[in-house]
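Participant: Here it is, the structure in full.
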Amino acid sequence: MNVSQLVHKFSRCSPLLLSSSYFHSHSIRLQQVLDSSSKSLENENPQDEEFRVFVIPGHNSVQVKRQERKRQKFKVQPPRYLKMPVDQDWTSVWPGQRTFHPAVVPLPLRQGYDPKRVAPSKFANAELMKIPNFLHLTPPAIKKHCNAIQKFCTAWPQGLETEIQMEKHFPITVITNDYCHSSPTIRDVKARIVTVKLKLSCLELDDHARDKFLRLVGQRYNPKTDELIIVTDRCPLRKQNYDYSMYVLTALFHESWTFEEWEKEKSVLDMEYYEWKQHPSYQSYLKIKAFPSNDTSKIEQELDQDPATNKYSKAVSDLFNQGEDPYTIARYKEATLEVLLGQKTA
Amino acid sequence: MFRCNVVNKFVPGLLSTPLKQSDVRGISSSATLLKHVQAARYKTSKRGDKPLTYEMAGPPHTIAHQKSWNSWNTANMLDGLRPSETAVEDEFMRRFLRGTWHNLFLSEIIIKRNHNIIRIAGIVERSIHPRKMYFLIGYTEELLSFWLQCPVKLELQTVESRKDVVFKYI
């Protein structure tokens, strides 16, 4: 093979068909080839001289089939419930909360709805895996749990057996709520709210203090159950709200006992209910009772023990406080007849 | 235009200026429009050999009647906390599992949350070596608990073949 043949060969080569060694510096390489002797050229593989065949898919090529992933089969143990003894300890098989697993639970369960066939069985049944199960809360498990935590419990205090005793010793009820969410946070803003309940009868209040107390608490008092309910939620923490409600309760109690100067200005017209002894009816009653003499002070002391007077007082007060109805009118008639004529009606 | 013409025809003196197309709104009083609901419903195949799982076979209105939810949490209840975060996290977990357990999950991925624990359940095909499966379980639990900053448990059930979960063919 001479040089002219070589040159001819390279001239026919398109740049794309050059091998990698020629690609970067083929002009230098060409120089080297031209300078070198024909000895090295004789060793070339005759196959390299052939052109690469242009491949047209489907015409001159054989499609190589894509190899699919082999579906391997793995041997598995038979379901666990087949091996379990009948009298086994279930709490050690299912100690905690867990998704349903058909190979472990030895029950012939079915879940799902099929209009034509029987409901799907427990194997490969996603519906059974969705619903929460209570297989960890069987009665023996709960008993075990209770026995385990029993050592942390203390005996119920003596003298607190009945509701009445509890109310007597612990008149104030404090209600708070804790919230459990299925989320990574344990905080809930609603946990700050504190409700304090107590019966008004457990507080020592006289007529004036009670009246003032009720005026101060307003709607928070329920007259039907004699219960006072204070809800505090203005502070961000439960402790703060509890402290605030206790402060409010203390302040209310002491404030209702104080008698301010301006409270003396309250006249009969300002009264919200009928008080017999403050009205002219009482004075005229005294005069009638002490008729021959004009001195009413003697009689006034004895009047509190007089049943007829008490009856009359109650009848008059009811007539004004409850309003006129056949019942109060009848009571008023009875009391009046008894006082004036000494008649006793059944 | 038809409605405009009708209005103008019957009440000619009522309108000083002619109605435009956009001024008139039609009221649909027919129930036929609700007939073609397509969401979460599968088309039948020509040969009738398209496999459906129990979950796929029930349209959405059968939730809580014939099938139950795939996500169990308290976020969407009244005054629930973090509803949007929970939804995004669930979607993230589903996508991560679909990719990590490639072509292995045969059921929907069930995500149940108790307190701060997330428990993921599902049915997996037994087509890879058990050793690989154990690796994937540990890998998934480790990564998800690192990202979500709470304990994540994978509670899987394996089945022999894909045909085990097929409820019906349509």
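Scheme for the structure tokens: letters A, B, ... for chains in order shown; per-chain residue numbers from 1; ligand numbers from 1 in order shown.
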Using only C-alpha atoms, find the residues of chain B whose closest atom to chain A is at most 9 Å away, then write them as a PyMOL selection string.

Facilitator: chain B and resi 54-55+66-75+80-82+86+107-108+110-123+126-130+148-150+155-160+164-165+167

Participant: Select from region 224-260 of chain A everything DSSP, run on the backbone, classes as alpha helix (DSSP H), then give the selection as a ChimeraX atom specification.

Facilitator: /A:238-257

Participant: Keeping only N, CA, C and O atoms, write the selected residues as a CSV table (one decimal), in the first residue's frame.

Facilitator:
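Final output, again-v3.csv:
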```csv
chain,number,residue,atom,x,y,z
A,238,ARG,N,-53.3,28.2,81.3
A,238,ARG,CA,-54.3,27.7,82.2
A,238,ARG,C,-54.0,28.1,83.6
A,238,ARG,O,-55.0,28.5,84.3
A,239,LYS,N,-52.8,28.1,84.0
A,239,LYS,CA,-52.4,28.5,85.4
A,239,LYS,C,-52.9,29.9,85.7
A,239,LYS,O,-53.4,30.3,86.7
A,240,GLN,N,-52.6,30.8,84.7
A,240,GLN,CA,-52.9,32.2,84.8
A,240,GLN,C,-54.5,32.4,84.9
A,240,GLN,O,-55.0,33.2,85.7
A,241,ASN,N,-55.2,31.6,84.1
A,241,ASN,CA,-56.6,31.7,84.1
A,241,ASN,C,-57.2,31.2,85.4
A,241,ASN,O,-58.1,31.8,85.9
A,242,TYR,N,-56.6,30.1,86.0
A,242,TYR,CA,-57.1,29.6,87.2
A,242,TYR,C,-56.8,30.7,88.3
A,242,TYR,O,-57.7,31.0,89.1
A,243,ASP,N,-55.6,31.2,88.4
A,243,ASP,CA,-55.3,32.3,89.4
A,243,ASP,C,-56.3,33.4,89.2
A,243,ASP,O,-56.8,34.0,90.2
A,244,TYR,N,-56.6,33.8,88.0
A,244,TYR,CA,-57.5,34.9,87.8
A,244,TYR,C,-58.9,34.6,88.3
A,244,TYR,O,-59.5,35.5,88.9
A,245,SER,N,-59.4,33.4,88.0
A,245,SER,CA,-60.7,33.1,88.5
A,245,SER,C,-60.8,33.1,90.0
A,245,SER,O,-61.8,33.5,90.6
A,246,MET,N,-59.7,32.6,90.6
A,246,MET,CA,-59.7,32.6,92.1
A,246,MET,C,-59.7,34.0,92.6
A,246,MET,O,-60.3,34.3,93.6
A,247,TYR,N,-58.9,34.9,92.0
A,247,TYR,CA,-58.9,36.3,92.4
A,247,TYR,C,-60.3,36.9,92.2
A,247,TYR,O,-60.7,37.7,93.1
A,248,VAL,N,-60.9,36.6,91.1
A,248,VAL,CA,-62.3,37.2,90.8
A,248,VAL,C,-63.2,36.7,91.9
A,248,VAL,O,-64.0,37.5,92.5
A,249,LEU,N,-63.2,35.5,92.3
A,249,LEU,CA,-64.1,34.9,93.3
A,249,LEU,C,-63.8,35.6,94.7
A,249,LEU,O,-64.8,36.1,95.3
A,250,THR,N,-62.6,35.8,95.0
A,250,THR,CA,-62.2,36.5,96.3
A,250,THR,C,-62.7,37.9,96.3
A,250,THR,O,-63.3,38.4,97.2
A,251,ALA,N,-62.4,38.6,95.2
A,251,ALA,CA,-62.8,40.0,95.1
A,251,ALA,C,-64.3,40.2,95.1
A,251,ALA,O,-64.8,41.1,95.8
A,252,LEU,N,-65.0,39.3,94.5
A,252,LEU,CA,-66.5,39.4,94.5
A,252,LEU,C,-67.0,39.2,95.9
A,252,LEU,O,-67.9,40.0,96.3
A,253,PHE,N,-66.5,38.2,96.6
A,253,PHE,CA,-66.9,38.0,98.0
A,253,PHE,C,-66.7,39.2,98.9
A,253,PHE,O,-67.6,39.7,99.6
A,254,HIS,N,-65.5,39.7,98.9
A,254,HIS,CA,-65.2,40.8,99.8
A,254,HIS,C,-65.9,42.1,99.3
A,254,HIS,O,-66.3,42.9,100.2
A,255,GLU,N,-66.0,42.3,98.1
A,255,GLU,CA,-66.7,43.5,97.6
A,255,GLU,C,-68.2,43.5,97.9
A,255,GLU,O,-68.7,44.5,98.3
A,256,SER,N,-68.8,42.3,97.9
A,256,SER,CA,-70.2,42.2,98.2
A,256,SER,C,-70.4,42.5,99.7
A,256,SER,O,-71.5,42.9,100.1
A,257,TRP,N,-69.4,42.3,100.6
A,257,TRP,CA,-69.6,42.5,102.0
A,257,TRP,C,-69.4,44.0,102.4
A,257,TRP,O,-69.8,44.5,103.4
```

Participant: List the neighbours of region 166-175 of chain A out to 6 Å using only C-alpha atoms; skip same-chain residues closer than 2 positions along the sequence, and give me the result as a list in words.

Facilitator: Leu160, Glu163, Ile164, Val194, Thr195, Val196, Lys197 and Leu198 of chain A

Participant: Please produce a file of the residues just selected, as a compact mmCIF listing (two decimals), in the first residue's frame, where the atoms kept are N, CA and C atoms.

Facilitator:
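Dumped everything to again_10.txt:
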```
# COMPACT_ATOMS: atom_id res chain seq x y z
N LEU A 160 -65.26 10.85 102.35
CA LEU A 160 -65.64 11.48 101.06
C LEU A 160 -66.42 10.47 100.22
N GLU A 163 -71.76 12.15 97.64
CA GLU A 163 -71.72 13.43 96.92
C GLU A 163 -71.86 14.61 97.89
N ILE A 164 -72.72 14.44 98.91
CA ILE A 164 -72.97 15.53 99.87
C ILE A 164 -71.69 15.84 100.64
N VAL A 194 -60.60 27.87 81.83
CA VAL A 194 -60.87 27.31 83.16
C VAL A 194 -62.29 27.69 83.56
N THR A 195 -63.05 26.69 83.98
CA THR A 195 -64.41 26.93 84.45
C THR A 195 -64.47 26.62 85.94
N VAL A 196 -64.99 27.57 86.71
CA VAL A 196 -65.11 27.37 88.16
C VAL A 196 -66.59 27.37 88.51
N LYS A 197 -67.00 26.31 89.22
CA LYS A 197 -68.41 26.18 89.60
C LYS A 197 -68.49 26.12 91.11
N LEU A 198 -69.47 26.79 91.68
CA LEU A 198 -69.73 26.59 93.10
C LEU A 198 -71.16 26.97 93.42
```

Participant: What does the structure give for the distance between CA of Asp295 (chain A) and CA of Leu319 (chain A), in Å to one decimal?

Facilitator: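 Value for the CA of Asp295 (chain A)-CA of Leu319 (chain A) distance: 28.6 Å.
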
Participant: Any idea what the distance is between CA of Arg192 (chain A) and CA of Pro83 (chain B)?

Facilitator: 21.3 Å
